[in-house]
Every structure is written in structure tokens, then in C-alpha cells.
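Coordinates from my_file-v4.cif are shown below (mmCIF, C-alpha atoms).
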```cif
data_target
loop_
_atom_site.label_atom_id
_atom_site.label_comp_id
_atom_site.auth_asym_id
_atom_site.auth_seq_id
_atom_site.Cartn_x
_atom_site.Cartn_y
_atom_site.Cartn_z
CA MET A 568 18.40 9.04 -19.27
CA ARG A 569 21.61 10.10 -21.05
CA ILE A 570 23.93 12.69 -19.57
CA HIS A 571 25.49 15.35 -21.81
CA LYS A 572 26.99 17.75 -19.28
CA LEU A 573 27.72 17.89 -15.56
CA VAL A 574 28.74 21.02 -13.67
CA THR A 575 29.23 20.84 -9.91
CA ASP A 576 30.93 22.89 -7.22
CA THR A 577 32.02 22.12 -3.64
CA PHE A 578 30.38 18.70 -3.71
CA ARG A 579 32.72 16.64 -1.53
CA ASN A 580 36.18 17.05 -3.13
CA LEU A 581 34.87 18.36 -6.47
CA THR A 582 35.52 22.08 -6.85
CA ASN A 583 34.01 23.94 -9.80
CA ILE A 584 34.31 21.20 -12.41
CA THR A 585 32.63 20.84 -15.78
CA LEU A 586 32.40 17.49 -17.56
CA ALA A 587 31.10 17.40 -21.14
CA VAL A 588 30.06 14.09 -22.69
CA PRO A 589 29.99 13.66 -26.48
CA GLN A 590 26.69 12.81 -28.12
CA GLY A 591 26.34 9.07 -28.58
CA ALA A 592 28.64 8.08 -25.70
CA GLN A 593 27.39 4.76 -24.35
CA LEU A 594 30.11 4.20 -21.76
CA VAL A 595 31.63 7.01 -19.72
CA GLN A 596 34.68 5.97 -17.72
CA VAL A 597 35.70 8.16 -14.79
CA VAL A 598 39.22 7.08 -13.87
CA GLY A 599 42.00 8.25 -11.59
CA PRO A 600 43.86 7.46 -8.35
CA ASN A 601 42.18 6.94 -5.01
CA GLY A 602 40.70 10.16 -3.68
CA ALA A 603 40.47 11.73 -7.13
CA GLY A 604 36.71 12.30 -6.87
CA LYS A 605 35.48 9.43 -9.06
CA THR A 606 32.79 8.21 -6.67
CA SER A 607 31.73 11.81 -6.02
CA VAL A 608 30.93 12.24 -9.72
CA LEU A 609 28.75 9.13 -9.65
CA GLU A 610 27.13 10.27 -6.41
CA VAL A 611 26.13 13.61 -7.97
CA LEU A 612 24.51 11.71 -10.84
CA SER A 613 22.72 9.37 -8.44
CA LEU A 614 20.97 12.43 -7.00
CA LEU A 615 19.06 12.69 -10.27
CA SER A 616 16.72 10.12 -8.73
CA PRO A 617 14.65 10.45 -5.52
CA GLY A 618 16.47 9.63 -2.31
CA PHE A 619 19.89 10.35 -0.84
CA GLY A 620 22.04 8.89 -3.60
CA LEU A 621 24.29 5.88 -3.93
CA LEU A 622 26.00 6.44 -0.57
CA ASN A 623 22.74 7.30 1.25
CA ALA A 624 24.55 10.27 2.81
CA LYS A 625 23.11 13.30 4.55
CA ARG A 626 23.07 16.42 2.39
CA GLN A 627 25.33 18.32 4.78
CA ASP A 628 27.90 15.51 4.61
CA GLN A 629 28.05 15.94 0.83
CA THR A 630 29.14 19.56 1.20
CA GLN A 631 32.88 20.16 0.85
CA ILE A 632 34.58 20.86 4.18
CA GLY A 633 34.80 24.61 4.67
CA ALA A 634 32.08 25.36 2.10
CA LYS A 635 28.59 26.64 2.90
CA GLN A 636 26.77 24.83 0.10
CA TRP A 637 27.10 22.54 -2.90
CA THR A 638 25.59 22.98 -6.33
CA SER A 639 25.14 20.84 -9.43
CA PHE A 640 23.80 21.36 -12.93
CA VAL A 641 23.12 18.47 -15.31
CA ALA A 642 21.99 18.53 -18.93
CA LEU A 643 20.41 15.28 -20.08
CA THR A 644 17.99 13.56 -22.41
CA GLY A 645 15.14 11.98 -20.45
CA TYR A 646 12.02 9.88 -21.01
CA GLU A 647 10.51 12.14 -23.66
CA ASP A 648 13.78 12.35 -25.62
CA GLU A 649 13.85 16.06 -24.87
CA GLU A 650 16.80 18.04 -23.56
CA THR A 651 16.31 18.69 -19.86
CA THR A 652 18.36 20.54 -17.27
CA ILE A 653 18.35 19.78 -13.56
CA GLY A 654 19.84 22.20 -11.06
CA GLN A 655 20.34 21.41 -7.40
CA GLN A 656 21.70 23.43 -4.51
CA PHE A 657 22.03 22.54 -0.86
CA GLY A 658 23.06 24.98 1.81
CA GLY A 659 22.38 25.09 5.53
CA SER A 660 19.38 22.78 5.75
CA THR A 661 17.66 23.81 2.53
CA ARG A 662 17.71 22.03 -0.80
CA THR A 663 16.65 23.82 -3.97
CA LEU A 664 15.67 21.74 -6.99
CA LYS A 665 14.98 23.13 -10.45
CA VAL A 666 13.94 21.35 -13.64
CA ASN A 667 14.46 23.43 -16.78
CA ARG A 668 15.17 26.34 -14.43
CA GLU A 669 11.69 26.10 -12.88
CA GLY A 670 11.56 25.35 -9.17
CA VAL A 671 9.88 22.09 -8.08
CA GLU A 672 8.66 21.31 -4.59
CA ASN A 673 10.06 17.83 -4.05
CA GLN A 674 12.13 15.00 -5.46
CA SER A 675 9.14 13.23 -6.96
CA ALA A 676 9.64 15.34 -10.09
CA LEU A 677 12.96 13.57 -10.70
CA ALA A 678 11.24 10.21 -11.14
CA GLN A 679 9.33 11.70 -14.09
CA LEU A 680 12.56 12.28 -16.03
CA GLY A 681 14.07 8.82 -16.06
CA SER A 682 15.47 6.06 -13.88
CA VAL A 683 18.90 5.70 -12.28
CA LEU A 684 20.30 2.36 -11.07
CA TRP A 685 23.68 1.64 -9.52
CA LEU A 686 26.03 -1.03 -8.28
CA THR A 687 28.57 -0.08 -5.62
CA PRO A 688 31.00 -1.84 -3.24
CA GLN A 689 28.68 -0.83 -0.38
CA GLN A 690 26.09 -3.22 -1.82
CA ASP A 691 28.41 -6.19 -1.44
CA ARG A 692 26.52 -7.00 1.78
CA LEU A 693 23.07 -5.92 0.56
CA PHE A 694 21.41 -9.24 1.47
CA LYS A 695 23.60 -9.94 4.50
CA ASP A 696 23.06 -6.88 6.72
CA GLY A 697 20.00 -4.88 7.81
CA ALA A 698 16.78 -4.58 5.81
CA ALA A 699 16.69 -0.78 5.32
CA PRO A 700 19.10 -0.75 2.32
CA ARG A 701 17.02 -3.48 0.67
CA ARG A 702 13.87 -1.39 1.00
CA ARG A 703 15.63 1.61 -0.56
CA TRP A 704 16.91 -0.69 -3.29
CA ILE A 705 13.45 -1.97 -4.26
CA ASP A 706 12.07 1.57 -4.07
CA ARG A 707 14.55 2.70 -6.74
CA LEU A 708 13.19 0.03 -9.05
CA ALA A 709 9.63 1.06 -8.20
CA PHE A 710 10.47 4.70 -9.05
CA GLY A 711 11.41 3.56 -12.55
CA LEU A 712 8.21 1.56 -12.99
CA ASN A 713 5.89 4.14 -11.47
CA PRO A 714 7.16 7.70 -10.92
CA GLN A 715 4.31 8.31 -8.44
CA HIS A 716 5.92 5.79 -6.09
CA ALA A 717 8.35 8.49 -4.96
CA ALA A 718 5.47 10.67 -3.79
CA VAL A 719 3.97 7.68 -1.97
CA VAL A 720 7.25 7.09 -0.09
CA ASN A 721 7.36 10.76 0.93
CA ARG A 722 3.72 10.75 1.99
CA PHE A 723 4.12 7.64 4.13
CA THR A 724 7.23 9.02 5.82
CA HIS A 725 5.53 12.37 6.48
CA HIS A 726 2.41 10.87 8.06
CA ARG A 727 4.37 8.33 10.10
CA ARG A 728 6.43 11.14 11.64
CA SER A 729 3.36 13.33 12.16
CA ARG A 730 1.48 10.53 13.93
CA GLN A 731 4.46 9.79 16.16
CA LYS A 732 4.71 13.43 17.15
CA LEU A 733 1.00 13.56 18.01
CA LEU A 734 1.32 10.41 20.12
CA GLU A 735 4.23 11.85 22.07
CA GLN A 736 2.32 15.09 22.63
CA HIS A 737 -0.79 13.17 23.81
CA ALA A 738 -2.78 15.06 21.20
CA ASP A 739 -6.53 14.84 20.66
CA ALA A 740 -7.63 11.37 19.52
CA LEU A 741 -9.44 12.82 16.50
CA TRP A 742 -6.19 14.34 15.19
CA ILE A 743 -4.39 11.06 15.69
CA GLU A 744 -7.15 9.17 13.89
CA GLN A 745 -6.94 11.50 10.90
CA GLU A 746 -3.20 10.97 10.65
CA GLU A 747 -3.65 7.21 10.95
CA GLN A 748 -6.16 7.18 8.11
CA GLN A 749 -3.72 8.98 5.82
CA LEU A 750 -0.82 6.87 7.07
CA ALA A 751 -2.78 3.68 6.36
CA GLU A 752 -3.67 4.78 2.83
CA ALA A 753 -0.07 5.71 2.05
CA GLY A 754 1.27 2.58 3.74
CA ILE A 755 -0.85 0.18 1.71
CA ALA A 756 0.02 2.02 -1.52
CA LEU A 757 3.72 1.83 -0.62
CA LEU A 758 3.49 -1.87 0.23
CA GLN A 759 1.67 -2.66 -3.01
CA GLY A 760 4.21 -0.70 -5.05
CA ARG A 761 7.11 -2.59 -3.51
CA LEU A 762 5.50 -6.00 -3.95
CA GLU A 763 4.52 -5.29 -7.56
CA ALA A 764 8.10 -4.23 -8.33
CA LEU A 765 9.41 -7.38 -6.66
CA GLU A 766 7.07 -9.64 -8.61
CA ALA A 767 7.97 -7.95 -11.89
CA LEU A 768 11.69 -8.25 -11.13
CA ASN A 769 11.39 -11.98 -10.47
CA SER A 770 9.98 -12.43 -13.96
CA HIS A 771 13.24 -11.03 -15.44
CA ALA A 772 15.83 -12.46 -13.02
CA GLN A 773 17.44 -15.72 -14.14
CA ASP A 774 19.11 -17.45 -11.22
CA VAL A 775 17.85 -15.26 -8.37
CA THR A 776 14.43 -15.43 -6.72
CA LEU A 777 13.33 -12.76 -4.24
CA HIS A 778 10.62 -12.77 -1.57
CA ALA A 779 8.97 -10.18 0.66
CA SER A 780 8.70 -11.06 4.33
CA GLY A 781 7.07 -9.40 7.30
CA ALA A 782 3.72 -9.44 9.06
CA ILE A 783 2.52 -6.39 7.15
CA THR A 784 2.24 -8.45 3.94
CA GLN A 785 -0.67 -10.39 5.49
CA VAL A 786 -2.73 -7.21 5.56
CA LEU A 787 -3.15 -7.37 1.78
CA GLU A 788 -5.04 -10.65 2.18
CA GLU A 789 -7.84 -8.84 4.03
CA GLU A 790 -10.97 -7.53 2.30
CA ASP A 791 -10.08 -3.92 3.21
CA PRO A 792 -6.30 -3.64 3.68
CA VAL A 793 -6.41 0.08 4.53
CA ALA A 794 -8.98 -0.44 7.30
CA THR A 795 -7.04 -3.44 8.61
CA TYR A 796 -3.78 -1.52 8.77
CA LYS A 797 -5.53 1.46 10.36
CA GLY A 798 -6.87 -0.88 13.04
CA LYS A 799 -3.34 -2.10 13.74
CA LEU A 800 -2.20 1.50 14.17
CA GLU A 801 -5.05 2.29 16.56
CA ARG A 802 -4.30 -0.74 18.73
CA SER A 803 -0.58 0.06 18.93
CA ARG A 804 -0.86 3.73 19.98
CA GLU A 805 0.22 3.18 23.56
CA ARG A 806 3.13 0.96 22.59
CA ASP A 807 4.27 3.26 19.79
CA ALA A 808 4.16 6.30 22.07
CA LEU A 809 6.25 4.47 24.65
CA LEU A 810 8.83 3.12 22.20
CA GLY A 811 8.93 6.22 20.00
CA SER A 812 8.42 4.30 16.76
CA THR A 813 5.67 2.82 14.58
CA SER A 814 5.54 -0.89 15.26
CA SER A 815 3.97 -2.07 12.00
CA GLY A 816 3.97 -1.01 8.40
CA PRO A 817 5.89 -1.29 5.12
CA HIS A 818 8.91 0.26 6.84
CA ARG A 819 9.26 -3.14 8.57
CA LEU A 820 9.22 -5.08 5.31
CA ASP A 821 12.22 -7.23 4.47
CA ILE A 822 13.37 -8.78 1.20
CA THR A 823 15.10 -12.14 1.11
CA GLY A 824 16.05 -14.46 -1.71
CA GLU A 825 18.00 -17.39 -3.06
CA LEU A 826 20.60 -17.93 -5.77
CA GLN A 827 20.70 -20.97 -8.05
CA ALA A 828 24.48 -21.03 -8.27
CA ASP A 829 24.82 -24.38 -10.06
CA ASP A 830 22.43 -26.69 -11.89
CA ASN A 831 21.21 -29.69 -9.90
CA GLN A 832 22.39 -28.05 -6.66
CA PRO A 833 20.19 -26.63 -3.89
CA LYS A 834 19.47 -22.92 -3.99
CA ILE A 835 21.63 -20.82 -1.66
CA PRO A 836 19.98 -18.19 0.57
CA LEU A 837 21.44 -14.81 -0.39
CA ASP A 838 22.51 -14.12 3.18
CA ARG A 839 24.68 -17.26 3.06
CA THR A 840 26.33 -16.78 -0.33
CA SER A 841 30.06 -16.29 -0.73
CA THR A 842 31.42 -12.89 -1.77
CA GLY A 843 31.65 -13.97 -5.39
CA GLN A 844 28.19 -15.56 -5.38
CA HIS A 845 26.66 -12.49 -3.80
CA LYS A 846 28.25 -10.26 -6.44
CA ARG A 847 26.94 -12.58 -9.15
CA ALA A 848 23.43 -12.22 -7.72
CA LEU A 849 23.74 -8.43 -7.58
CA VAL A 850 24.92 -8.23 -11.19
CA GLN A 851 22.04 -10.44 -12.35
CA LEU A 852 19.56 -8.31 -10.44
CA LEU A 853 20.99 -5.10 -11.89
CA VAL A 854 20.58 -6.43 -15.43
CA ALA A 855 17.08 -7.68 -14.61
CA GLN A 856 16.14 -4.25 -13.23
CA ALA A 857 17.43 -2.51 -16.34
CA GLU A 858 15.60 -4.96 -18.63
CA LEU A 859 12.38 -4.53 -16.65
CA ILE A 860 12.49 -0.74 -16.78
CA LYS A 861 13.24 -0.80 -20.51
CA ALA A 862 10.34 -3.21 -21.12
CA HIS A 863 7.97 -1.16 -18.96
CA THR A 864 8.83 2.36 -20.15
CA ASN A 865 10.60 1.74 -23.48
CA HIS A 866 13.47 3.83 -22.06
CA ALA A 867 16.67 2.42 -20.59
CA PRO A 868 17.88 3.64 -17.18
CA LEU A 869 21.13 5.44 -16.45
CA ILE A 870 23.57 2.96 -14.89
CA LEU A 871 26.29 3.87 -12.38
CA LEU A 872 29.01 1.30 -11.59
CA ASP A 873 31.35 2.37 -8.80
CA ASP A 874 34.75 0.69 -8.40
CA PHE A 875 33.83 -1.39 -11.43
CA SER A 876 36.53 -4.05 -11.38
CA ALA A 877 35.95 -5.07 -7.75
CA HIS A 878 34.93 -8.75 -7.62
CA LEU A 879 34.27 -8.88 -11.39
CA ASP A 880 36.57 -10.89 -13.62
CA ALA A 881 37.31 -9.89 -17.22
CA THR A 882 34.58 -12.05 -18.74
CA ARG A 883 31.86 -10.71 -16.45
CA GLN A 884 33.00 -7.12 -16.97
CA GLN A 885 32.62 -7.50 -20.71
CA GLU A 886 29.30 -9.35 -20.47
CA LEU A 887 27.82 -6.78 -18.11
CA LEU A 888 28.77 -3.81 -20.27
CA GLU A 889 27.44 -5.55 -23.38
CA GLN A 890 24.13 -6.37 -21.70
CA LEU A 891 23.55 -2.88 -20.32
CA THR A 892 24.57 -0.89 -23.39
CA SER A 893 22.60 -3.19 -25.69
CA LEU A 894 19.48 -2.07 -23.84
CA GLY A 895 20.34 1.54 -24.68
CA SER A 896 21.57 2.48 -21.22
CA GLN A 897 24.30 5.03 -20.82
CA VAL A 898 26.76 3.51 -18.33
CA TRP A 899 29.06 5.55 -16.09
CA LEU A 900 31.77 3.57 -14.32
CA SER A 901 34.53 4.56 -11.95
CA ASP A 902 37.84 2.75 -11.56
CA ILE A 903 41.53 3.40 -11.12
CA GLN A 904 42.26 2.63 -14.77
CA PRO A 905 40.17 2.46 -17.95
CA CYS A 906 38.41 -0.87 -18.43
CA ALA A 907 40.60 -3.05 -20.60
CA HIS A 908 37.70 -5.42 -21.28
CA ALA A 909 35.12 -2.99 -22.62
CA PRO A 910 33.78 -4.28 -25.96
CA GLN A 911 35.26 -2.42 -28.91
CA SER A 912 31.78 -1.88 -30.33
CA ILE A 913 30.80 0.42 -27.44
CA ASN A 914 31.21 4.16 -27.95
CA THR A 915 33.41 5.06 -24.98
CA HIS A 916 34.39 8.40 -23.45
CA THR A 917 37.04 8.55 -20.72
CA ILE A 918 37.40 11.28 -18.08
CA THR A 919 40.55 11.34 -15.97
CA LEU A 920 40.30 12.98 -12.55
CA ASN A 921 43.06 14.01 -10.17
CA HIS A 922 42.52 15.87 -6.88
CA GLY A 923 38.90 16.54 -7.79
CA GLN A 924 39.70 18.08 -11.17
CA PRO A 925 39.58 16.69 -14.73
CA GLU A 926 42.98 16.50 -16.35
CA THR A 927 43.60 18.02 -19.76
CA LEU A 928 44.62 15.70 -22.56
CA ALA A 929 48.23 16.84 -22.23
CA GLU A 930 48.26 16.24 -18.50
CA ALA A 931 46.60 12.82 -18.88
CA ALA A 932 49.20 11.81 -21.49
#
```
Please express the file's structure as C-alpha cells.
Amino acid sequence: MRIHKLVTDTFRNLTNITLAVPQGAQLVQVVGPNGAGKTSVLEVLSLLSPGFGLLNAKRQDQTQIGAKQWTSFVALTGYEDEETTIGQQFGGSTRTLKVNREGVENQSALAQLGSVLWLTPQQDRLFKDGAAPRRRWIDRLAFGLNPQHAAVVNRFTHHRRSRQKLLEQHADALWIEQEEQQLAEAGIALLQGRLEALEALNSHAQDVTLHASGAITQVLEEEDPVATYKGKLERSRERDALLGSTSSGPHRLDITGELQADDNQPKIPLDRTSTGQHKRALVQLLVAQAELIKAHTNHAPLILLDDFSAHLDATRQQELLEQLTSLGSQVWLSDIQPCAHAPQSINTHTITLNHGQPETLAEAA
């Protein structure tokens, strides 16, 4: 996925801006002072993949204060090396999504166009805090390996909410059973997709090894995983109705791992790594994800690097950019100043923002 043009209006602090990217640009640097709108540009681009973007924000929180809606238009080259346009609009509680000016029903269509990966300061505690961000993280990889995974995530979420509503309403047992059958089918497909992505990632990661944990993983050892999971749902109806949540399923899955920081030293659990070690693990996993997607689809993902210089020394900045662009990825990074360590061989385009607007060349000078 390579971006050629971005137009967006009233998205956070971005008001009616147009950013054009020259053909062949491998590295796009979005630079400017704090509050200039750099992360907002990357967040708009992250919405080219299923989900809520790199900040995992609610749509209404992305709308500029005082505005009724936000819009974006992106021209890109996707999986089929064809020019594609994606238009999005969110207003009130409604999101409109168009691909080549044709309306599509849900975000699953985005996964068909290409893959988007990112590294942000918010991920600096990815393996130290709660499990939900880790599940979203592995789902993004799974989207790139299998675009249908996005539809599976949506289906599981829909049937889990529908079942919970039926339980709270004390609905007919037959209705609940029908929802549980569909929930079980979607749940096992979701679990398998996540575990397959995790296994594939481990084959590309160098010093990091990841594991899936949680009781739900044992269901796959049964002769009929769907029937086994459905039985768990049936037996937990009373408890789930009382607690207002589904007690078992892939939404309870966790991902843990270890880093081999130094040769001949014990592996360090990722939740016990130092800040620098954790960042090293995240960078290795990002490169491994990009390599895996390229190997699987023959197309490199779009890479977004927010606050690029944070916790990365000059050598690692250069190495990371070389690794990602050598795969064919277009890399967008945000920082206060242009990267002084970008390899000279990389075709670079720099955009300077100030107060949510791109500066002209004269202003930037």
C-alpha cells in the first residue's frame, strides 16, 4: 500500500488539508512542533485498515471540536497495483466508507486493499499492561495475512453482544442456542486466525518468542472445537447473565513472550524488560510482521512510525528504515525534525506541518 494523496477535513486539528506525495517516495516525513497535527495525519492513514486506528479512539473523539463530522480521501496503490481511492466520513454516529466511490458495508473491505502496521509511543507498554491491546495488535497482523479475518472479528463481536442481550432479556432458549452456535463458529475461527498469525510471526522474529495463553486455547485440542466451545457457552449462561459479560472465548486470550537480549543469558519475559529492551522487542516484531506480510502476499505493508526518534538511537533509526524500505514498504514517520539518520539511498519526501496546516516551501524555509 503506497499513498499518493491525502485530503482530510476537521479530523482532530487538521482543517481542510491536502498532502500530495511524489511517485516513488519511500519515506514520507511529517515534521513540525508539538501540536502541529503530525500524529493526526498518521492516525487518518491508520484508518485505512480495519479497527479504530493507531490511537484506538472513538470516532466522535476524532472529530474536531465544534465540527459535526470529519472526512478523509486517500488515493493509493494497493495489492493489485491499481490506483484506488478510499473515502471516509463520520458524523453523528454514522460512518460512511467508499472504495473507488462505491459504498461498502463494513471495514472488512479495507483489508482487501493492503496492510497497515504501526509503531507508536503508546505501544511502549504493549506487553506490560492489559491484554486487549495485544489482541488488537495480533489481529492487525492477521488482517494482512487473511483479509477475511476482519469479517471474523466483526462476526464474533456481533454475536457475543447479541447473545448477551438475549441473556439479559431472559429470551427463549432456542434463540440463545442459535446465537451460541454462531458465536462458537466465529469464536473458533477467530482463535485459529490469531494462533496461526502468532505461529507465522515466530518463524520470522529473531530474538523474540511469543506465546498464546488462556483456557480457550485448550478447546482446539478437542475433536470438535466448535461443539466444545458451544458447550462452555451453554453452561455459563447463568453466570454470564449475572456478570453481564461472556466468561470464555478468544476475547480472553492473552499473548506473552520473551526477549533474548544477550547471547548466553536467560531470556527476559517481555513484561519485565527495561524500556530500551521493550522497544527493541517491538522494533524486531514490527520488522518481522512486515517481512511476514511481504512473504505471504508479495506486497509490503504501509508502515506508520509515530514520534520516530523516541527510544531509538541513530544506528537503530537507520537500520529500521533500511529494513522496512528494502521490503518495498512506504514508511510514514512523524517527528519534531526531519530524521538526520535516514539512509541517503531512500527516496524521501518531507511535509512540514504547523497548527494543522502544511507550510509552503517559503514558509518552511
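For the file at hand, the PyMOL selection byres ((chain A and resi 799) around 10) resolves to A:Glu747, A:Ala751, A:Ile783, A:Val786, A:Val793, A:Ala794, A:Thr795, A:Tyr796, A:Lys797, A:Gly798, A:Leu800, A:Glu801, A:Arg802, A:Ser803, A:Arg804, A:Ser814, A:Ser815, A:Gly816.
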What are the closest atom pairs, with distances in Å to one decimal, for each residue of stretch 682-740 of chain A lying within 10 Å of stretch 876-891 of chain A, using only C-alpha atoms, rows by chain and rising residue number, as CSV?
```
residue,atom,partner,partner_atom,distance
A:Thr687,CA,A:Ala877,CA,9.2
A:Pro688,CA,A:Ala877,CA,7.4
A:Asp691,CA,A:His878,CA,9.3
```
Residues returned when the PyMOL selection byres ((chain A and resi 664) around 12) runs on this file, as a ChimeraX atom specification:
/A:614-617,638-641,652-658,661-663,665-677
Just C-alpha atoms for this one: save the residues we selected as an mmCIF file, keeping the file's coordinate frame.
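Everything below was put into result-v9.cif:
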```
data_model
loop_
_atom_site.group_PDB
_atom_site.id
_atom_site.type_symbol
_atom_site.label_atom_id
_atom_site.label_comp_id
_atom_site.auth_asym_id
_atom_site.auth_seq_id
_atom_site.Cartn_x
_atom_site.Cartn_y
_atom_site.Cartn_z
ATOM 1 C CA LEU A 614 20.970 12.430 -7.000
ATOM 2 C CA LEU A 615 19.060 12.690 -10.270
ATOM 3 C CA SER A 616 16.720 10.120 -8.730
ATOM 4 C CA PRO A 617 14.650 10.450 -5.520
ATOM 5 C CA THR A 638 25.590 22.980 -6.330
ATOM 6 C CA SER A 639 25.140 20.840 -9.430
ATOM 7 C CA PHE A 640 23.800 21.360 -12.930
ATOM 8 C CA VAL A 641 23.120 18.470 -15.310
ATOM 9 C CA THR A 652 18.360 20.540 -17.270
ATOM 10 C CA ILE A 653 18.350 19.780 -13.560
ATOM 11 C CA GLY A 654 19.840 22.200 -11.060
ATOM 12 C CA GLN A 655 20.340 21.410 -7.400
ATOM 13 C CA GLN A 656 21.700 23.430 -4.510
ATOM 14 C CA PHE A 657 22.030 22.540 -0.860
ATOM 15 C CA GLY A 658 23.060 24.980 1.810
ATOM 16 C CA THR A 661 17.660 23.810 2.530
ATOM 17 C CA ARG A 662 17.710 22.030 -0.800
ATOM 18 C CA THR A 663 16.650 23.820 -3.970
ATOM 19 C CA LYS A 665 14.980 23.130 -10.450
ATOM 20 C CA VAL A 666 13.940 21.350 -13.640
ATOM 21 C CA ASN A 667 14.460 23.430 -16.780
ATOM 22 C CA ARG A 668 15.170 26.340 -14.430
ATOM 23 C CA GLU A 669 11.690 26.100 -12.880
ATOM 24 C CA GLY A 670 11.560 25.350 -9.170
ATOM 25 C CA VAL A 671 9.880 22.090 -8.080
ATOM 26 C CA GLU A 672 8.660 21.310 -4.590
ATOM 27 C CA ASN A 673 10.060 17.830 -4.050
ATOM 28 C CA GLN A 674 12.130 15.000 -5.460
ATOM 29 C CA SER A 675 9.140 13.230 -6.960
ATOM 30 C CA ALA A 676 9.640 15.340 -10.090
ATOM 31 C CA LEU A 677 12.960 13.570 -10.700
#
```
Residue by residue, what does the PyMOL selection byres ((chain A and resi 696) around 12) grab here? Present the result as a PyMOL selection string.
chain A and resi 689-695+697-701+821-823+837-839
Using all atoms listed in the file for the distances, tell me which of A:Leu612, A:Ile860, A:Leu686, A:Leu872 is nearest to A:His771.
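Of the candidates, the smallest distance to A:His771 is held by A:Ile860.
Here atom CA of A:Ala772 and atom CA of A:Lys605 stand 29.7 Å from one another.
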